[in-house]
Each structure stands twice: as C-alpha cells, then as structure tokens.
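Enquirer: Sharing query-v6.cif, mmCIF, C-alpha atoms:
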data_model
#
loop_
_atom_site.group_PDB
_atom_site.id
_atom_site.type_symbol
_atom_site.label_atom_id
_atom_site.label_comp_id
_atom_site.auth_asym_id
_atom_site.auth_seq_id
_atom_site.Cartn_x
_atom_site.Cartn_y
_atom_site.Cartn_z
ATOM 1 C CA MET A 1263 -8.202 14.193 -9.587
ATOM 2 C CA ILE A 1264 -6.446 11.864 -7.164
ATOM 3 C CA ILE A 1265 -8.249 8.970 -5.508
ATOM 4 C CA GLY A 1266 -6.616 7.301 -2.511
ATOM 5 C CA ILE A 1267 -7.501 3.744 -1.541
ATOM 6 C CA CYS A 1268 -6.419 2.438 1.842
ATOM 7 C CA GLY A 1269 -6.940 -0.618 3.986
ATOM 8 C CA ASN A 1270 -4.964 -3.261 5.768
ATOM 9 C CA SER A 1271 -3.380 -6.327 4.205
ATOM 10 C CA GLY A 1272 -5.774 -8.505 2.214
ATOM 11 C CA CYS A 1273 -8.624 -5.989 2.059
ATOM 12 C CA GLY A 1274 -8.688 -5.824 -1.750
ATOM 13 C CA LYS A 1275 -7.085 -2.444 -2.488
ATOM 14 C CA SER A 1276 -5.538 -3.605 -5.760
ATOM 15 C CA THR A 1277 -8.712 -5.312 -6.945
ATOM 16 C CA PHE A 1278 -10.844 -2.276 -6.117
ATOM 17 C CA ALA A 1279 -8.366 0.099 -7.791
ATOM 18 C CA ASP A 1280 -8.202 -2.080 -10.907
ATOM 19 C CA GLU A 1281 -12.007 -2.083 -11.131
ATOM 20 C CA LEU A 1282 -12.060 1.707 -10.992
ATOM 21 C CA VAL A 1283 -9.447 1.911 -13.756
ATOM 22 C CA LYS A 1284 -11.477 -0.523 -15.863
ATOM 23 C CA PHE A 1285 -14.614 1.608 -15.608
ATOM 24 C CA SER A 1286 -12.823 4.898 -16.310
ATOM 25 C CA ASN A 1287 -12.568 4.308 -20.079
ATOM 26 C CA GLY A 1288 -8.866 5.142 -20.088
ATOM 27 C CA ARG A 1289 -9.187 8.274 -17.960
ATOM 28 C CA ALA A 1290 -7.761 6.699 -14.781
ATOM 29 C CA ILE A 1291 -4.357 5.228 -14.042
ATOM 30 C CA ARG A 1292 -3.359 3.251 -10.944
ATOM 31 C CA TYR A 1293 -0.102 3.544 -9.059
ATOM 32 C CA ASP A 1294 0.543 0.586 -6.768
ATOM 33 C CA ILE A 1295 2.779 1.940 -4.030
ATOM 34 C CA ASP A 1296 3.411 -1.543 -2.578
ATOM 35 C CA THR A 1297 5.035 -2.542 -5.855
ATOM 36 C CA LEU A 1298 7.023 0.677 -5.831
ATOM 37 C CA GLY A 1299 8.276 -0.230 -2.350
ATOM 38 C CA HIS A 1300 9.447 -3.603 -3.636
ATOM 39 C CA ASP A 1301 11.163 -1.950 -6.614
ATOM 40 C CA ILE A 1302 12.969 0.510 -4.329
ATOM 41 C CA LEU A 1303 14.537 -2.478 -2.540
ATOM 42 C CA LEU A 1304 16.418 -3.185 -5.795
ATOM 43 C CA LEU A 1305 18.397 0.069 -5.603
ATOM 44 C CA ASP A 1306 22.035 -0.484 -4.651
ATOM 45 C CA SER A 1307 22.018 2.411 -2.172
ATOM 46 C CA VAL A 1308 18.915 1.011 -0.455
ATOM 47 C CA LYS A 1309 20.391 -2.502 -0.269
ATOM 48 C CA LYS A 1310 23.551 -1.039 1.271
ATOM 49 C CA ASP A 1311 21.575 0.956 3.843
ATOM 50 C CA ILE A 1312 19.434 -2.086 4.736
ATOM 51 C CA SER A 1313 22.543 -4.228 5.106
ATOM 52 C CA ASN A 1314 24.152 -1.612 7.363
ATOM 53 C CA GLU A 1315 21.011 -1.105 9.460
ATOM 54 C CA PHE A 1316 19.588 -4.634 9.712
ATOM 55 C CA GLY A 1317 22.528 -6.910 8.912
ATOM 56 C CA GLU A 1318 24.301 -8.360 5.885
ATOM 57 C CA GLU A 1319 22.281 -11.581 6.137
ATOM 58 C CA LEU A 1320 19.286 -9.704 4.715
ATOM 59 C CA ILE A 1321 21.011 -9.480 1.328
ATOM 60 C CA VAL A 1322 20.804 -12.865 -0.388
ATOM 61 C CA ASN A 1323 22.211 -13.285 -3.899
ATOM 62 C CA GLY A 1324 22.235 -9.523 -4.348
ATOM 63 C CA TYR A 1325 18.589 -9.019 -3.312
ATOM 64 C CA VAL A 1326 16.899 -7.951 -0.091
ATOM 65 C CA ASP A 1327 15.284 -11.002 1.493
ATOM 66 C CA ARG A 1328 11.867 -9.464 2.067
ATOM 67 C CA LYS A 1329 10.671 -12.371 4.194
ATOM 68 C CA LYS A 1330 13.558 -11.934 6.655
ATOM 69 C CA LEU A 1331 13.101 -8.182 6.608
ATOM 70 C CA SER A 1332 9.361 -8.473 7.273
ATOM 71 C CA LYS A 1333 10.012 -10.592 10.380
ATOM 72 C CA ILE A 1334 12.089 -7.725 11.748
ATOM 73 C CA VAL A 1335 9.957 -4.721 10.792
ATOM 74 C CA PHE A 1336 6.463 -6.144 11.297
ATOM 75 C CA ASN A 1337 7.376 -7.038 14.856
ATOM 76 C CA ASN A 1338 8.774 -3.685 15.926
ATOM 77 C CA THR A 1339 7.558 -0.170 15.170
ATOM 78 C CA LYS A 1340 11.036 1.322 15.652
ATOM 79 C CA GLU A 1341 12.478 -1.100 13.112
ATOM 80 C CA MET A 1342 9.667 -0.255 10.674
ATOM 81 C CA ASP A 1343 10.508 3.418 11.128
ATOM 82 C CA LYS A 1344 14.154 2.674 10.269
ATOM 83 C CA LEU A 1345 13.110 0.913 7.063
ATOM 84 C CA THR A 1346 10.793 3.795 6.179
ATOM 85 C CA GLU A 1347 13.649 6.241 6.723
ATOM 86 C CA ILE A 1348 15.756 4.265 4.235
ATOM 87 C CA THR A 1349 13.118 3.794 1.541
ATOM 88 C CA TRP A 1350 10.640 6.669 1.766
ATOM 89 C CA LYS A 1351 12.770 9.426 0.203
ATOM 90 C CA HIS A 1352 13.117 7.296 -2.937
ATOM 91 C CA MET A 1353 9.443 6.368 -2.975
ATOM 92 C CA GLU A 1354 8.259 9.938 -2.463
ATOM 93 C CA LEU A 1355 10.333 11.145 -5.413
ATOM 94 C CA GLU A 1356 8.864 8.437 -7.680
ATOM 95 C CA ILE A 1357 5.283 9.217 -6.611
ATOM 96 C CA ASP A 1358 5.839 12.950 -7.175
ATOM 97 C CA ASN A 1359 7.143 12.195 -10.680
ATOM 98 C CA PHE A 1360 4.204 9.886 -11.418
ATOM 99 C CA ILE A 1361 1.693 12.560 -10.409
ATOM 100 C CA LYS A 1362 3.460 15.244 -12.482
ATOM 101 C CA THR A 1363 3.653 12.945 -15.508
ATOM 102 C CA ASN A 1364 -0.039 11.976 -15.320
ATOM 103 C CA LYS A 1365 -1.727 15.307 -14.533
ATOM 104 C CA ASP A 1366 -4.199 14.731 -17.352
ATOM 105 C CA LYS A 1367 -5.473 11.469 -15.786
ATOM 106 C CA ILE A 1368 -7.447 10.438 -12.744
ATOM 107 C CA ILE A 1369 -4.719 9.039 -10.522
ATOM 108 C CA ILE A 1370 -5.522 6.181 -8.183
ATOM 109 C CA LEU A 1371 -3.044 5.620 -5.359
ATOM 110 C CA ASP A 1372 -3.509 2.480 -3.315
ATOM 111 C CA TRP A 1373 -1.389 1.884 -0.261
ATOM 112 C CA LEU A 1374 -2.064 0.960 3.321
ATOM 113 C CA LEU A 1375 0.209 3.731 4.654
ATOM 114 C CA LEU A 1376 -1.101 6.510 2.414
ATOM 115 C CA PRO A 1377 -2.531 8.499 5.391
ATOM 116 C CA LYS A 1378 0.992 8.876 6.801
ATOM 117 C CA THR A 1379 2.103 10.802 3.711
ATOM 118 C CA LYS A 1380 1.556 14.176 2.076
ATOM 119 C CA PHE A 1381 -0.208 12.346 -0.766
ATOM 120 C CA PHE A 1382 -3.222 11.554 1.430
ATOM 121 C CA ASP A 1383 -3.977 15.259 1.770
ATOM 122 C CA MET A 1384 -3.688 15.587 -2.010
ATOM 123 C CA CYS A 1385 -6.472 13.037 -2.565
ATOM 124 C CA ASP A 1386 -9.801 14.409 -3.754
ATOM 125 C CA ILE A 1387 -11.529 11.162 -2.796
ATOM 126 C CA LYS A 1388 -10.352 8.926 0.052
ATOM 127 C CA ILE A 1389 -11.617 5.361 0.253
ATOM 128 C CA LEU A 1390 -11.062 2.985 3.176
ATOM 129 C CA LEU A 1391 -11.647 -0.707 2.574
ATOM 130 C CA ASP A 1392 -12.759 -1.933 6.004
ATOM 131 C CA ILE A 1393 -12.950 -5.682 5.455
ATOM 132 C CA PRO A 1394 -13.213 -8.190 8.363
ATOM 133 C CA TYR A 1395 -10.029 -9.745 9.743
ATOM 134 C CA GLU A 1396 -10.887 -13.347 8.782
ATOM 135 C CA VAL A 1397 -11.633 -12.436 5.162
ATOM 136 C CA ARG A 1398 -8.414 -10.440 4.862
ATOM 137 C CA MET A 1399 -6.359 -13.162 6.539
ATOM 138 C CA ASN A 1400 -7.625 -15.836 4.159
ATOM 139 C CA ARG A 1401 -6.936 -13.630 1.125
ATOM 140 C CA ALA A 1402 -3.426 -12.730 2.311
ATOM 141 C CA MET A 1403 -2.555 -16.333 3.170
ATOM 142 C CA LEU A 1404 -3.508 -17.442 -0.347
ATOM 143 C CA ARG A 1405 -1.901 -14.497 -2.121
ATOM 144 C CA ASP A 1406 1.333 -14.264 -0.128
ATOM 145 C CA HIS A 1407 1.732 -17.906 0.915
ATOM 146 C CA ILE A 1408 1.952 -16.987 4.584
ATOM 147 C CA THR A 1409 0.738 -18.627 7.764
ATOM 148 C CA GLU A 1410 -1.902 -17.361 10.187
ATOM 149 C CA GLU A 1411 0.929 -16.444 12.554
ATOM 150 C CA GLU A 1412 2.685 -14.404 9.865
ATOM 151 C CA PHE A 1413 -0.551 -12.599 9.067
ATOM 152 C CA ALA A 1414 -1.119 -11.896 12.768
ATOM 153 C CA LEU A 1415 2.370 -10.399 12.931
ATOM 154 C CA ARG A 1416 1.556 -8.201 9.936
ATOM 155 C CA GLU A 1417 -1.711 -7.175 11.559
ATOM 156 C CA LYS A 1418 0.063 -6.271 14.794
ATOM 157 C CA ALA A 1419 2.086 -3.650 12.906
ATOM 158 C CA ALA A 1420 -0.905 -2.480 10.836
ATOM 159 C CA TYR A 1421 -1.827 1.172 10.573
ATOM 160 C CA LYS A 1422 -4.866 2.243 12.626
ATOM 161 C CA TYR A 1423 -7.231 4.246 10.430
ATOM 162 C CA ASN A 1424 -9.634 6.965 11.492
ATOM 163 C CA LYS A 1425 -12.781 6.357 9.452
ATOM 164 C CA LYS A 1426 -13.687 10.045 9.715
ATOM 165 C CA ASP A 1427 -10.717 10.857 7.451
ATOM 166 C CA PHE A 1428 -12.305 9.080 4.489
ATOM 167 C CA THR A 1429 -14.890 10.067 1.911
ATOM 168 C CA TYR A 1430 -16.134 6.473 1.699
ATOM 169 C CA VAL A 1431 -15.736 3.473 3.993
ATOM 170 C CA VAL A 1432 -16.278 0.238 2.095
ATOM 171 C CA ASN A 1433 -17.114 -3.057 3.750
ATOM 172 C CA ILE A 1434 -18.384 -6.321 2.350
ATOM 173 C CA ASN A 1435 -22.009 -5.249 2.792
ATOM 174 C CA ASN A 1436 -21.732 -1.959 0.900
ATOM 175 C CA TYR A 1437 -18.957 -2.774 -1.586
ATOM 176 C CA LEU A 1438 -21.192 -2.659 -4.682
ATOM 177 C CA GLU A 1439 -22.994 0.467 -3.503
ATOM 178 C CA ILE A 1440 -19.720 2.351 -2.982
ATOM 179 C CA GLU A 1441 -18.309 1.044 -6.250
ATOM 180 C CA LYS A 1442 -21.328 2.505 -8.090
ATOM 181 C CA LYS A 1443 -20.846 5.886 -6.436
ATOM 182 C CA VAL A 1444 -17.174 6.026 -7.296
ATOM 183 C CA LYS A 1445 -17.846 4.890 -10.892
ATOM 184 C CA ASN A 1446 -20.213 7.860 -11.203
ATOM 185 C CA ILE A 1447 -17.406 10.178 -10.150
ATOM 186 C CA ILE A 1448 -15.011 8.659 -12.668
#
As structure tokens, what does this structure read like?

Expert:
Amino acid sequence: MIIGICGNSGCGKSTFADELVKFSNGRAIRYDIDTLGHDILLLDSVKKDISNEFGEELIVNGYVDRKKLSKIVFNNTKEMDKLTEITWKHMELEIDNFIKTNKDKIIILDWLLLPKTKFFDMCDIKILLDIPYEVRMNRAMLRDHITEEEFALREKAAYKYNKKDFTYVVNINNYLEIEKKVKNII
C-alpha cells in the first residue's frame, strides 16, 4: 500500500506522516521527498547543471545556496520548471528504488508536488492537508526562519490542488477524525 500526503508549505505533512508511521507498529515507512530533493542538490552533476542554468554564484563553498535558488524559482514558474528538469530524473530514480526495496511495507510519501508525478497515481490513499494560510505561515516562519514576505513568495509558486483528487481532505477541524480513519487502515 502507498499513502500519499500532500499540502502546501507549513501544513504539517511531515508531522502527519510521522504519526501514521508511529501507529503502524513497524508496518509503515515514510519517505520524505523534500529531504530527497535537498540531498539531490549535493550531487556534482546537479550542482554543475544548476551553476550552468542559474549562475555560478549559486554554488557557495561547494554547495547549492538553497536560499538564493529559492528566490529565483519561487518567483518564476519557468525557472521552477528548469530546476525540476535538472533534479527530477535523479529524484524519480531514488523514489522508484525506495518503493521496490520496501514492497513489504506501507509506504508513506509526503510531498507538496506529489500530484505532478506518476507516484500520485500509484497511491492507494491520497490525503490533502488543507490548513489555513495564517497557521501554515506561522509554522513555516518558525521552522524555516523565513519572513512573511518569503513565505508569501513561496505561496505564490505553490501547487493548486483539486480536492476531488484526494481520498481525505484534512483541515484543523477534522484532523483527529481523519487521523483515526487512516489509523484504522494502517
């Protein structure tokens, strides 16, 4: 079984996924695709492609300066598409390998862009965390040490979900109710 958890920045995807893993008694395993995306930025070929596409100044002390990169890609859909073109082939391969390696587990994939991938269609259960803007902004500002303006920029580039594509839509009012339902499935 594959469970997909989606939602925009600060909605609590990681927390929700970790709770599901905790209640699965070792049957579920989480794959954080955001972390994978950060890890992919460490590959020499990816750093080279980013430097060529976005400029050498994005590589600082041998690492991609994610803050500089985010100012470029969160402000422009075409630039985000260029970054996706550079990173996605590596990410897709890693996710495929993770799924193959963990066929005997309940796999939980959490990523805001999951619906744009083949993995969304592979999900048996699709959960959208639909948390209000203010709540998400406050969480993201604390977690990522960003300003309101930086969060607004992130939100501008955010994926627009169709709630009809999801098995469950979770908001603050029904969070515990949905969590109970999903625990019963696990």

Enquirer: Quick one: apply the PyMOL selection byres ((chain A and resi 1292) around 9) to the file and drop the selected residues here as an NGL selection string.

Expert: :A and (1276 or 1279-1280 or 1282-1283 or 1290-1291 or 1293-1294 or 1368-1372)

Enquirer: I would like the residues chosen by the PyMOL selection byres ((chain A and resi 1377-1380) around 10) on the shown file; could you give them as number ranges by chain?

Expert: A: 1266-1268, 1350, 1354, 1373-1376, 1381-1385, 1388, 1421-1424, 1427-1428

Enquirer: Given the PyMOL selection byres ((chain A and resi 1332) around 12) and the file above, list the residues it selects as number ranges by chain.

Expert: A: 1300, 1316, 1320, 1326-1331, 1333-1339, 1341-1342, 1345, 1408, 1412-1413, 1415-1417, 1419

Enquirer: Between A:Val1308, A:Gly1288, A:Asn1400, A:Gly1272, which residue has the minimum interatomic distance to Ala1420 in chain A, considering only C-alpha atoms?

Expert: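 Looking at the shortest contact to Ala1420 in chain A, the residue is A:Gly1272.
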
Enquirer: Using only the atoms of range 1419-1438 of chain A listed in the file, plus 5 Å on each side, state the axis-aligned box centre and edge lengths in Å rounded to one decimal, as JSON.

Expert:
{"center_x": -10.0, "center_y": 2.3, "center_z": 4.1, "size_x": 34.1, "size_y": 27.2, "size_z": 27.6}

Enquirer: Using CA of Gly1269 in chain A and CA of Val1431 in chain A as the two end points, give the distance in Å to one decimal.

Expert: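 These two atoms are separated by 9.7 Å.
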
Enquirer: How many Å lie between CA of Lys1340 in chain A and CA of Glu1318 in chain A, rounded to one decimal?

Expert: 19.1 Å

Enquirer: Interatomic distance between CA of Val1397 in chain A and CA of Glu1410 in chain A?

Expert: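 Between these atoms lies a distance of 12.0 Å.
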
Enquirer: At a cut-off of 10 Å, using only C-alpha atoms, what residues contact Pro1394 in chain A? Leave out same-chain residues fewer than 5 positions from it and give the result as a PyMOL selection string.

Expert: chain A and resi 1270+1272-1273+1399+1433-1434

Enquirer: A:Lys1351, A:Asn1287, A:Lys1367, A:Lys1344: which is nearest Asn1314 in chain A, counting all atoms listed in the file?

Expert: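 Of the candidates, the smallest distance to Asn1314 in chain A is held by A:Lys1344.
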
Enquirer: Contacts of Thr1349 in chain A at 12 Å or less, counting all atoms listed in the file, minus same-chain residues fewer than 5 places along, as a PyMOL selection string?

Expert: chain A and resi 1295-1296+1298-1312+1342-1344+1354-1356

Enquirer: Got a minute to add N, CA and C atoms to range 1333-1360 of chain A and dump it as a CSV table (one decimal), in the frame of the given file?

Expert:
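Done, and the output landed in out26.csv:
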chain,number,residue,atom,x,y,z
A,1333,LYS,N,10.0,-10.1,9.0
A,1333,LYS,CA,10.0,-10.6,10.4
A,1333,LYS,C,10.6,-9.6,11.4
A,1334,ILE,N,11.5,-8.8,10.9
A,1334,ILE,CA,12.1,-7.7,11.7
A,1334,ILE,C,11.1,-6.5,11.9
A,1335,VAL,N,10.7,-6.0,10.8
A,1335,VAL,CA,10.0,-4.7,10.8
A,1335,VAL,C,8.5,-4.9,11.2
A,1336,PHE,N,7.9,-6.0,10.9
A,1336,PHE,CA,6.5,-6.1,11.3
A,1336,PHE,C,6.3,-6.4,12.8
A,1337,ASN,N,7.4,-6.7,13.4
A,1337,ASN,CA,7.4,-7.0,14.9
A,1337,ASN,C,7.8,-5.9,15.7
A,1338,ASN,N,8.2,-4.8,15.1
A,1338,ASN,CA,8.8,-3.7,15.9
A,1338,ASN,C,8.6,-2.4,15.2
A,1339,THR,N,7.8,-1.5,15.8
A,1339,THR,CA,7.6,-0.2,15.2
A,1339,THR,C,8.8,0.6,14.9
A,1340,LYS,N,9.8,0.6,15.8
A,1340,LYS,CA,11.0,1.3,15.7
A,1340,LYS,C,11.8,0.8,14.4
A,1341,GLU,N,11.8,-0.5,14.3
A,1341,GLU,CA,12.5,-1.1,13.1
A,1341,GLU,C,11.8,-0.7,11.8
A,1342,MET,N,10.4,-0.7,11.8
A,1342,MET,CA,9.7,-0.3,10.7
A,1342,MET,C,10.0,1.2,10.3
A,1343,ASP,N,10.1,2.0,11.4
A,1343,ASP,CA,10.5,3.4,11.1
A,1343,ASP,C,11.9,3.5,10.5
A,1344,LYS,N,12.8,2.7,10.9
A,1344,LYS,CA,14.2,2.7,10.3
A,1344,LYS,C,14.1,2.3,8.8
A,1345,LEU,N,13.3,1.3,8.5
A,1345,LEU,CA,13.1,0.9,7.1
A,1345,LEU,C,12.5,2.0,6.3
A,1346,THR,N,11.5,2.7,6.8
A,1346,THR,CA,10.8,3.8,6.2
A,1346,THR,C,11.8,4.9,5.9
A,1347,GLU,N,12.6,5.2,6.9
A,1347,GLU,CA,13.6,6.2,6.7
A,1347,GLU,C,14.6,5.9,5.5
A,1348,ILE,N,14.9,4.7,5.3
A,1348,ILE,CA,15.8,4.3,4.2
A,1348,ILE,C,15.0,4.4,2.9
A,1349,THR,N,13.8,3.9,2.8
A,1349,THR,CA,13.1,3.8,1.5
A,1349,THR,C,12.3,5.0,1.1
A,1350,TRP,N,11.7,5.7,2.1
A,1350,TRP,CA,10.6,6.7,1.8
A,1350,TRP,C,11.1,7.8,0.8
A,1351,LYS,N,12.3,8.3,1.0
A,1351,LYS,CA,12.8,9.4,0.2
A,1351,LYS,C,12.8,9.0,-1.3
A,1352,HIS,N,13.1,7.8,-1.6
A,1352,HIS,CA,13.1,7.3,-2.9
A,1352,HIS,C,11.7,7.1,-3.4
A,1353,MET,N,10.8,6.6,-2.6
A,1353,MET,CA,9.4,6.4,-3.0
A,1353,MET,C,8.7,7.7,-3.2
A,1354,GLU,N,8.9,8.6,-2.3
A,1354,GLU,CA,8.3,9.9,-2.5
A,1354,GLU,C,8.6,10.6,-3.8
A,1355,LEU,N,9.9,10.6,-4.1
A,1355,LEU,CA,10.3,11.1,-5.4
A,1355,LEU,C,9.6,10.5,-6.6
A,1356,GLU,N,9.5,9.2,-6.6
A,1356,GLU,CA,8.9,8.4,-7.7
A,1356,GLU,C,7.4,8.8,-7.8
A,1357,ILE,N,6.7,8.9,-6.6
A,1357,ILE,CA,5.3,9.2,-6.6
A,1357,ILE,C,5.1,10.6,-7.1
A,1358,ASP,N,5.9,11.6,-6.7
A,1358,ASP,CA,5.8,13.0,-7.2
A,1358,ASP,C,6.0,13.0,-8.7
A,1359,ASN,N,6.9,12.2,-9.2
A,1359,ASN,CA,7.1,12.2,-10.7
A,1359,ASN,C,5.9,11.6,-11.4
A,1360,PHE,N,5.4,10.5,-10.8
A,1360,PHE,CA,4.2,9.9,-11.4
A,1360,PHE,C,3.0,10.9,-11.5
